[in-house]
Amino acid sequence: MNNKLAGLGVILAFSMSIEAEAATDIHCGFLLDVERKKVIENQHILVEGGVIKEIGSSINIPDGASKIDLSAQYCAPGLMDMHVHLFIDSKKGETDDQAAPTQSSAYKALLGIRKVQILLNSGFTTIRIPGDIDYHYAGIEIRNAINRGEFTGPRMLVAPHAISQLGGHGDFNSYSPDLPYKIMGPLIADGVGEIRKAVRKEIKYGADWIKVMASGGVMSQNDDPTVAAYTQEEFNAFADEAHRQKKKITAHAHGDEAIRMAVEAGFDSIEHATMMSDETAKLMVKKGTFYVPTLYVLDWILEMGQKGAIPASSYEKAKFVATRHSKSVKLAYKYGIKMALGSDPIFPMDQAIREFRAMTVSIPDNWHVLQAGTINGAELLGLKDEIGSLKVGKQADIVAMPQNPIALMKNIENIGFVMKGGMIVRNDY
């Protein structure tokens, strides 16, 4: 039985590979050019070998090419979510410190496979995992299985864990100190020596990125979002070790001090940055630091808090943080900080697409928001030459929807066609 199933998996992977290799003519009624901020009518996209070979109103279509009629649809590049968590089962109403010690890494891998497939069907063809709650490396295994063709899923770049100080946002602080066995977060590091060792451990087991909890958080207990978790020397060690080993590094940071210290150290991106000052915003522009604001998650936490569905302390922290978050995003837009979209899904995964709409509340330019969820994400990942826009020579990551998201961003929540690397994932048309 097992041999038959294994054989079936090989056949499925082979058939998907054949589909991606075949020539396909996609007729788009409207094409969203995110690089030039233009809507172009009546465009054909020739896809072959998983790559965009030609784009135009009239192109040379090979004999025998298959055809996809999206002549009534708006075509856009595959979407990108730069802040995805896979291992929280929101249906159970669990917090991180409840889920991690009570669920195996195998359970999390199964849960994660389902969640990445939901994301892909929503239109996200590329995602980044900025640290996840697992004692082992389920995120790496999911990424590798997708890369081997054993499962369909988005392109994944993974920071396996969020490295935390003792008692920080990545530690588990709600357990009694007199339990027979101490329950701690997956990767705790304090001091320069431990920090360098933690970074090396992540890379040893396959990390694409390094993630650091630079301040306290909202959903954790007994830590303060306004307090920097590390000294400048420690922040410098994180960035130096990651970059020395040719990896990028990002920081969860709410308070301005933590944001500034991580930026000074040379971190590649900052997550949340809910209490950013003008001075720190200007520093991010100078340093070229990316900003991933994660707006919808706070809306969701506040809604759950009103229903009594999250701890009261987390609800109070969320209300405090929310008063500053919109101001930080407006500052980032004002000063021209590069922004990439990230949803931070501790909520049901099919709601991650709502991050686009949440960004428009603080950003008055829908093109800017769409760029954050496409070409800017590609640049942050160092993949701008391969993905992020509909352009000859890039991977054929294409989504389509009935109405224009530039006119109304909510329209992006109605995607009915998804192609990743030339493979049709979904076609409702």
# chains A, B, ... in the order shown; residues from 1 in each chain; ligands from 1

call {"tool": "select_by_dssp", "arguments": {"residues": "segment 171-311 of chain A", "states": "strand (DSSP E)", "output": "NGL selection string"}}
result
:A and (209-213 or 248-253 or 269-272 or 290-292)

call {"tool": "residues_around", "arguments": {"residues": "Val51 of chain A", "least_positions_apart": "5", "cutoff": "8 Å", "atoms": "only C-alpha atoms", "output": "PDB file with C-alpha atoms, in the first residue's frame"}}
result
ATOM      1  CA  VAL A 392       9.234  38.534 -19.804  1.00  0.00           C
ATOM      2  CA  GLY A 393      11.792  36.202 -18.237  1.00  0.00           C
ATOM      3  CA  LYS A 394      10.131  36.003 -14.822  1.00  0.00           C
ATOM      4  CA  GLN A 395       8.374  33.036 -13.290  1.00  0.00           C
ATOM      5  CA  ALA A 396       4.765  32.702 -14.440  1.00  0.00           C
ATOM      6  CA  GLY A 421       5.501  28.826 -11.999  1.00  0.00           C
ATOM      7  CA  GLY A 422       3.335  27.961 -14.998  1.00  0.00           C
TER       8      GLY A 422
END

call {"tool": "atom_distance", "arguments": {"atom1": "atom CA of Ser313 of chain A", "atom2": "atom CA of Val329 of chain A"}}
result
24.6 Å

call {"tool": "residues_around", "arguments": {"residues": "Pro77 of chain A", "least_positions_apart": "4", "cutoff": "10 Å", "atoms": "only C-alpha atoms", "output": "PyMOL selection string"}}
result
chain A and resi 31-34+123-125+370-371+373-375+387-391+395-400+418-420

call {"tool": "closest_atom_pairs", "arguments": {"of": "segment 256-329 of chain A", "to": "segment 349-361 of chain A", "cutoff": "9 Å", "atoms": "only C-alpha atoms", "output": "CSV"}}
result
residue,atom,partner,partner_atom,distance
A:Pro293,CA,A:Met359,CA,8.4
A:Thr294,CA,A:Glu355,CA,7.2
A:Leu295,CA,A:Ala358,CA,6.0
A:Tyr296,CA,A:Glu355,CA,5.2
A:Val297,CA,A:Glu355,CA,8.1
A:Asp299,CA,A:Ala358,CA,8.5
A:Ser326,CA,A:Val361,CA,8.3
A:Val329,CA,A:Met359,CA,8.5

call {"tool": "atom_distance", "arguments": {"atom1": "atom CA of Gln232 of chain A", "atom2": "atom CA of Asn173 of chain A"}}
result
24.2 Å

call {"tool": "residues_around", "arguments": {"residues": "Cys28 of chain A", "least_positions_apart": "5", "cutoff": "12 Å", "atoms": "only C-alpha atoms", "output": "PyMOL selection string"}}
result
chain A and resi 39-46+55-58+67-76+390+398-402+417+429

call {"tool": "write_last_selection", "arguments": {"atoms": "N, CA and C atoms", "output": "mmCIF file, in the first residue's frame"}}
result
data_model
loop_
_atom_site.group_PDB
_atom_site.id
_atom_site.type_symbol
_atom_site.label_atom_id
_atom_site.label_comp_id
_atom_site.auth_asym_id
_atom_site.auth_seq_id
_atom_site.Cartn_x
_atom_site.Cartn_y
_atom_site.Cartn_z
ATOM 1 N N VAL A 39 -2.662 50.065 -15.868
ATOM 2 C CA VAL A 39 -3.560 49.002 -16.289
ATOM 3 C C VAL A 39 -3.523 48.951 -17.805
ATOM 4 N N ILE A 40 -3.115 47.807 -18.370
ATOM 5 C CA ILE A 40 -2.969 47.661 -19.820
ATOM 6 C C ILE A 40 -4.054 46.699 -20.314
ATOM 7 N N GLU A 41 -4.803 47.118 -21.320
ATOM 8 C CA GLU A 41 -5.917 46.305 -21.815
ATOM 9 C C GLU A 41 -5.466 45.302 -22.876
ATOM 10 N N ASN A 42 -6.236 44.192 -22.950
ATOM 11 C CA ASN A 42 -6.133 43.202 -24.024
ATOM 12 C C ASN A 42 -4.700 42.696 -24.223
ATOM 13 N N GLN A 43 -4.200 42.003 -23.228
ATOM 14 C CA GLN A 43 -2.829 41.487 -23.273
ATOM 15 C C GLN A 43 -2.816 39.954 -23.267
ATOM 16 N N HIS A 44 -1.905 39.402 -24.057
ATOM 17 C CA HIS A 44 -1.665 37.958 -24.057
ATOM 18 C C HIS A 44 -0.339 37.688 -23.337
ATOM 19 N N ILE A 45 -0.329 36.674 -22.514
ATOM 20 C CA ILE A 45 0.893 36.252 -21.826
ATOM 21 C C ILE A 45 1.218 34.840 -22.293
ATOM 22 N N LEU A 46 2.366 34.656 -22.937
ATOM 23 C CA LEU A 46 2.806 33.333 -23.361
ATOM 24 C C LEU A 46 3.693 32.737 -22.273
ATOM 25 N N ILE A 55 4.821 38.940 -23.833
ATOM 26 C CA ILE A 55 3.616 39.664 -23.410
ATOM 27 C C ILE A 55 3.288 40.711 -24.463
ATOM 28 N N GLY A 56 2.010 40.824 -24.807
ATOM 29 C CA GLY A 56 1.611 41.868 -25.749
ATOM 30 C C GLY A 56 0.192 41.654 -26.240
ATOM 31 N N SER A 57 -0.303 42.635 -27.003
ATOM 32 C CA SER A 57 -1.644 42.509 -27.565
ATOM 33 C C SER A 57 -1.666 41.523 -28.721
ATOM 34 N N SER A 58 -0.507 41.321 -29.358
ATOM 35 C CA SER A 58 -0.373 40.341 -30.430
ATOM 36 C C SER A 58 0.974 39.646 -30.274
ATOM 37 N N LYS A 67 -4.901 27.296 -24.288
ATOM 38 C CA LYS A 67 -5.374 28.671 -24.155
ATOM 39 C C LYS A 67 -6.206 28.824 -22.889
ATOM 40 N N ILE A 68 -6.000 29.936 -22.212
ATOM 41 C CA ILE A 68 -6.782 30.280 -21.022
ATOM 42 C C ILE A 68 -7.431 31.632 -21.273
ATOM 43 N N ASP A 69 -8.746 31.648 -21.216
ATOM 44 C CA ASP A 69 -9.487 32.870 -21.509
ATOM 45 C C ASP A 69 -9.791 33.636 -20.229
ATOM 46 N N LEU A 70 -9.027 34.697 -20.004
ATOM 47 C CA LEU A 70 -9.269 35.614 -18.882
ATOM 48 C C LEU A 70 -9.590 37.006 -19.436
ATOM 49 N N SER A 71 -10.253 37.026 -20.589
ATOM 50 C CA SER A 71 -10.496 38.278 -21.303
ATOM 51 C C SER A 71 -11.463 39.204 -20.573
ATOM 52 N N ALA A 72 -12.164 38.673 -19.583
ATOM 53 C CA ALA A 72 -13.053 39.528 -18.781
ATOM 54 C C ALA A 72 -12.465 39.792 -17.389
ATOM 55 N N GLN A 73 -11.200 39.396 -17.191
ATOM 56 C CA GLN A 73 -10.601 39.460 -15.856
ATOM 57 C C GLN A 73 -9.431 40.448 -15.807
ATOM 58 N N TYR A 74 -9.067 40.784 -14.582
ATOM 59 C CA TYR A 74 -7.874 41.596 -14.307
ATOM 60 C C TYR A 74 -6.751 40.662 -13.850
ATOM 61 N N CYS A 75 -5.657 40.644 -14.602
ATOM 62 C CA CYS A 75 -4.508 39.787 -14.272
ATOM 63 C C CYS A 75 -3.471 40.592 -13.489
ATOM 64 N N ALA A 76 -2.895 39.942 -12.480
ATOM 65 C CA ALA A 76 -1.879 40.576 -11.632
ATOM 66 C C ALA A 76 -0.787 39.567 -11.324
ATOM 67 N N LEU A 390 4.612 40.969 -13.771
ATOM 68 C CA LEU A 390 4.368 40.230 -15.007
ATOM 69 C C LEU A 390 5.292 40.793 -16.077
ATOM 70 N N ILE A 398 0.824 34.118 -11.679
ATOM 71 C CA ILE A 398 -0.236 34.991 -12.195
ATOM 72 C C ILE A 398 -1.531 34.719 -11.451
ATOM 73 N N VAL A 399 -2.229 35.784 -11.076
ATOM 74 C CA VAL A 399 -3.561 35.662 -10.492
ATOM 75 C C VAL A 399 -4.522 36.533 -11.289
ATOM 76 N N ALA A 400 -5.817 36.229 -11.181
ATOM 77 C CA ALA A 400 -6.810 37.033 -11.892
ATOM 78 C C ALA A 400 -8.088 37.124 -11.086
ATOM 79 N N MET A 401 -8.791 38.243 -11.288
ATOM 80 C CA MET A 401 -10.025 38.517 -10.545
ATOM 81 C C MET A 401 -10.977 39.303 -11.442
ATOM 82 N N PRO A 402 -12.281 39.300 -11.140
ATOM 83 C CA PRO A 402 -13.257 39.931 -12.032
ATOM 84 C C PRO A 402 -13.223 41.451 -12.056
ATOM 85 N N PHE A 417 -8.431 32.835 -10.303
ATOM 86 C CA PHE A 417 -7.417 32.136 -11.102
ATOM 87 C C PHE A 417 -6.074 32.296 -10.429
ATOM 88 N N TYR A 429 -12.737 30.178 -14.029
ATOM 89 C CA TYR A 429 -13.309 30.820 -15.206
ATOM 90 C C TYR A 429 -13.337 29.880 -16.402
#

call {"tool": "select_by_dssp", "arguments": {"residues": "segment 34-182 of chain A", "states": "helix (DSSP H, G or I)", "output": "number ranges by chain"}}
result
A: 90-92, 96-102, 105-122, 138-147

call {"tool": "residues_around", "arguments": {"residues": "Ile113 of chain A", "least_positions_apart": "4", "cutoff": "8 Å", "atoms": "only C-alpha atoms", "output": "VMD selection string"}}
result
chain A and resid 109 117 142 151 153

call {"tool": "atom_distance", "arguments": {"atom1": "atom CA of Ser105 of chain A", "atom2": "atom CA of Ile88 of chain A"}}
result
12.1 Å

call {"tool": "closest_residue", "arguments": {"among": "A:Ile183, A:Leu110, A:Ala273, A:Ile249", "to": "Ser328 of chain A", "atoms": "only C-alpha atoms"}}
result
A:Ala273

call {"tool": "closest_residue", "arguments": {"among": "A:Lys282, A:Arg196, A:Lys330, A:His169", "to": "Glu234 of chain A", "atoms": "only C-alpha atoms"}}
result
A:Arg196

call {"tool": "residues_around", "arguments": {"residues": "Val285 of chain A", "least_positions_apart": "5", "cutoff": "9 Å", "atoms": "only C-alpha atoms", "output": "count of residues only"}}
result
7

call {"tool": "residues_around", "arguments": {"residues": "Gly193 of chain A", "least_positions_apart": "3", "cutoff": "12 Å", "atoms": "only C-alpha atoms", "output": "PyMOL selection string"}}
result
chain A and resi 189-190+196-200+233-234+237-238+241

call {"tool": "write_last_selection", "arguments": {"atoms": "C-alpha atoms", "output": "PDB file, in the first residue's frame"}}
result
ATOM      1  CA  ALA A 189      19.451  33.301  23.507  1.00  0.00           C
ATOM      2  CA  ASP A 190      21.019  35.959  25.740  1.00  0.00           C
ATOM      3  CA  ARG A 196      25.793  33.760  17.442  1.00  0.00           C
ATOM      4  CA  LYS A 197      25.261  30.099  18.324  1.00  0.00           C
ATOM      5  CA  ALA A 198      21.471  30.430  17.896  1.00  0.00           C
ATOM      6  CA  VAL A 199      21.887  31.984  14.444  1.00  0.00           C
ATOM      7  CA  ARG A 200      24.276  29.213  13.436  1.00  0.00           C
ATOM      8  CA  GLU A 233      25.915  44.952  21.178  1.00  0.00           C
ATOM      9  CA  GLU A 234      23.541  41.988  21.027  1.00  0.00           C
ATOM     10  CA  ALA A 237      25.855  40.391  16.845  1.00  0.00           C
ATOM     11  CA  PHE A 238      22.586  39.113  15.393  1.00  0.00           C
ATOM     12  CA  GLU A 241      26.357  36.738  12.179  1.00  0.00           C
TER      13      GLU A 241
END

call {"tool": "closest_residue", "arguments": {"among": "A:Trp367, A:Trp300, A:Phe267, A:Phe87", "to": "Ile210 of chain A", "atoms": "only C-alpha atoms"}}
result
A:Phe267

call {"tool": "closest_residue", "arguments": {"among": "A:Ile406, A:Ile59, A:Leu166, A:Val227", "to": "Leu187 of chain A", "atoms": "only C-alpha atoms"}}
result
A:Leu166

call {"tool": "decode", "arguments": {"residues": "segment 267-301 of chain A", "atoms": "N, CA and C atoms", "output": "JSON list (two decimals), in the first residue's frame"}}
result
[["chain", "number", "residue", "atom", "x", "y", "z"],
["A", 267, "PHE", "N", 19.56, 45.34, 10.40],
["A", 267, "PHE", "CA", 18.53, 44.36, 10.08],
["A", 267, "PHE", "C", 17.90, 44.71, 8.73],
["A", 268, "ASP", "N", 17.49, 43.68, 7.98],
["A", 268, "ASP", "CA", 16.96, 43.89, 6.64],
["A", 268, "ASP", "C", 15.51, 44.34, 6.64],
["A", 269, "SER", "N", 14.73, 43.94, 7.65],
["A", 269, "SER", "CA", 13.34, 44.39, 7.72],
["A", 269, "SER", "C", 12.89, 44.44, 9.17],
["A", 270, "ILE", "N", 11.83, 45.20, 9.39],
["A", 270, "ILE", "CA", 11.22, 45.34, 10.70],
["A", 270, "ILE", "C", 9.75, 44.95, 10.57],
["A", 271, "GLU", "N", 9.30, 44.08, 11.48],
["A", 271, "GLU", "CA", 7.90, 43.67, 11.50],
["A", 271, "GLU", "C", 7.14, 44.51, 12.54],
["A", 272, "HIS", "N", 5.97, 44.96, 12.17],
["A", 272, "HIS", "CA", 5.02, 45.69, 13.02],
["A", 272, "HIS", "C", 5.39, 47.18, 13.17],
["A", 273, "ALA", "N", 6.49, 47.47, 13.87],
["A", 273, "ALA", "CA", 6.96, 48.86, 14.07],
["A", 273, "ALA", "C", 5.82, 49.78, 14.45],
["A", 274, "THR", "N", 5.06, 49.38, 15.44],
["A", 274, "THR", "CA", 3.81, 50.07, 15.75],
["A", 274, "THR", "C", 4.00, 51.44, 16.41],
["A", 275, "MET", "N", 5.16, 51.67, 17.02],
["A", 275, "MET", "CA", 5.38, 52.94, 17.74],
["A", 275, "MET", "C", 6.61, 53.67, 17.22],
["A", 276, "MET", "N", 6.73, 53.73, 15.92],
["A", 276, "MET", "CA", 7.89, 54.32, 15.27],
["A", 276, "MET", "C", 7.85, 55.85, 15.32],
["A", 277, "SER", "N", 9.00, 56.46, 15.61],
["A", 277, "SER", "CA", 9.11, 57.92, 15.61],
["A", 277, "SER", "C", 9.54, 58.44, 14.25],
["A", 278, "ASP", "N", 9.41, 59.75, 14.06],
["A", 278, "ASP", "CA", 9.89, 60.37, 12.82],
["A", 278, "ASP", "C", 11.36, 60.10, 12.60],
["A", 279, "GLU", "N", 12.15, 60.22, 13.66],
["A", 279, "GLU", "CA", 13.60, 60.04, 13.54],
["A", 279, "GLU", "C", 13.94, 58.62, 13.10],
["A", 280, "THR", "N", 13.24, 57.65, 13.66],
["A", 280, "THR", "CA", 13.50, 56.26, 13.29],
["A", 280, "THR", "C", 13.04, 55.99, 11.87],
["A", 281, "ALA", "N", 11.91, 56.58, 11.46],
["A", 281, "ALA", "CA", 11.44, 56.42, 10.09],
["A", 281, "ALA", "C", 12.47, 56.95, 9.09],
["A", 282, "LYS", "N", 13.05, 58.10, 9.40],
["A", 282, "LYS", "CA", 14.08, 58.66, 8.52],
["A", 282, "LYS", "C", 15.32, 57.77, 8.47],
["A", 283, "LEU", "N", 15.64, 57.16, 9.62],
["A", 283, "LEU", "CA", 16.79, 56.25, 9.66],
["A", 283, "LEU", "C", 16.53, 55.02, 8.80],
["A", 284, "MET", "N", 15.30, 54.51, 8.80],
["A", 284, "MET", "CA", 14.97, 53.35, 7.97],
["A", 284, "MET", "C", 15.13, 53.69, 6.49],
["A", 285, "VAL", "N", 14.74, 54.89, 6.11],
["A", 285, "VAL", "CA", 14.93, 55.31, 4.71],
["A", 285, "VAL", "C", 16.41, 55.35, 4.37],
["A", 286, "LYS", "N", 17.19, 55.94, 5.25],
["A", 286, "LYS", "CA", 18.64, 56.06, 5.03],
["A", 286, "LYS", "C", 19.31, 54.70, 4.90],
["A", 287, "LYS", "N", 18.87, 53.75, 5.74],
["A", 287, "LYS", "CA", 19.48, 52.42, 5.77],
["A", 287, "LYS", "C", 18.89, 51.48, 4.72],
["A", 288, "GLY", "N", 17.76, 51.85, 4.13],
["A", 288, "GLY", "CA", 17.10, 50.97, 3.16],
["A", 288, "GLY", "C", 16.38, 49.81, 3.81],
["A", 289, "THR", "N", 15.98, 49.98, 5.07],
["A", 289, "THR", "CA", 15.30, 48.92, 5.81],
["A", 289, "THR", "C", 13.85, 48.79, 5.36],
["A", 290, "PHE", "N", 13.41, 47.57, 5.12],
["A", 290, "PHE", "CA", 12.02, 47.33, 4.74],
["A", 290, "PHE", "C", 11.13, 47.32, 5.98],
["A", 291, "TYR", "N", 9.86, 47.68, 5.75],
["A", 291, "TYR", "CA", 8.86, 47.71, 6.82],
["A", 291, "TYR", "C", 7.70, 46.80, 6.44],
["A", 292, "VAL", "N", 7.38, 45.84, 7.33],
["A", 292, "VAL", "CA", 6.23, 44.94, 7.16],
["A", 292, "VAL", "C", 5.24, 45.26, 8.27],
["A", 293, "PRO", "N", 4.19, 46.07, 8.00],
["A", 293, "PRO", "CA", 3.39, 46.64, 9.09],
["A", 293, "PRO", "C", 2.39, 45.71, 9.77],
["A", 294, "THR", "N", 1.86, 44.67, 9.08],
["A", 294, "THR", "CA", 0.91, 43.71, 9.68],
["A", 294, "THR", "C", -0.25, 44.42, 10.39],
["A", 295, "LEU", "N", -1.19, 44.94, 9.60],
["A", 295, "LEU", "CA", -2.27, 45.75, 10.15],
["A", 295, "LEU", "C", -3.52, 44.95, 10.51],
["A", 296, "TYR", "N", -3.93, 44.03, 9.66],
["A", 296, "TYR", "CA", -5.20, 43.35, 9.89],
["A", 296, "TYR", "C", -5.21, 42.57, 11.20],
["A", 297, "VAL", "N", -4.06, 42.03, 11.60],
["A", 297, "VAL", "CA", -4.02, 41.20, 12.80],
["A", 297, "VAL", "C", -4.46, 41.97, 14.05],
["A", 298, "LEU", "N", -4.10, 43.26, 14.12],
["A", 298, "LEU", "CA", -4.53, 44.05, 15.28],
["A", 298, "LEU", "C", -6.04, 44.29, 15.25],
["A", 299, "ASP", "N", -6.58, 44.49, 14.04],
["A", 299, "ASP", "CA", -8.03, 44.62, 13.92],
["A", 299, "ASP", "C", -8.72, 43.36, 14.46],
["A", 300, "TRP", "N", -8.16, 42.22, 14.10],
["A", 300, "TRP", "CA", -8.74, 40.93, 14.50],
["A", 300, "TRP", "C", -8.62, 40.73, 16.01],
["A", 301, "ILE", "N", -7.44, 41.06, 16.57],
["A", 301, "ILE", "CA", -7.24, 40.90, 18.01],
["A", 301, "ILE", "C", -8.22, 41.79, 18.79]]
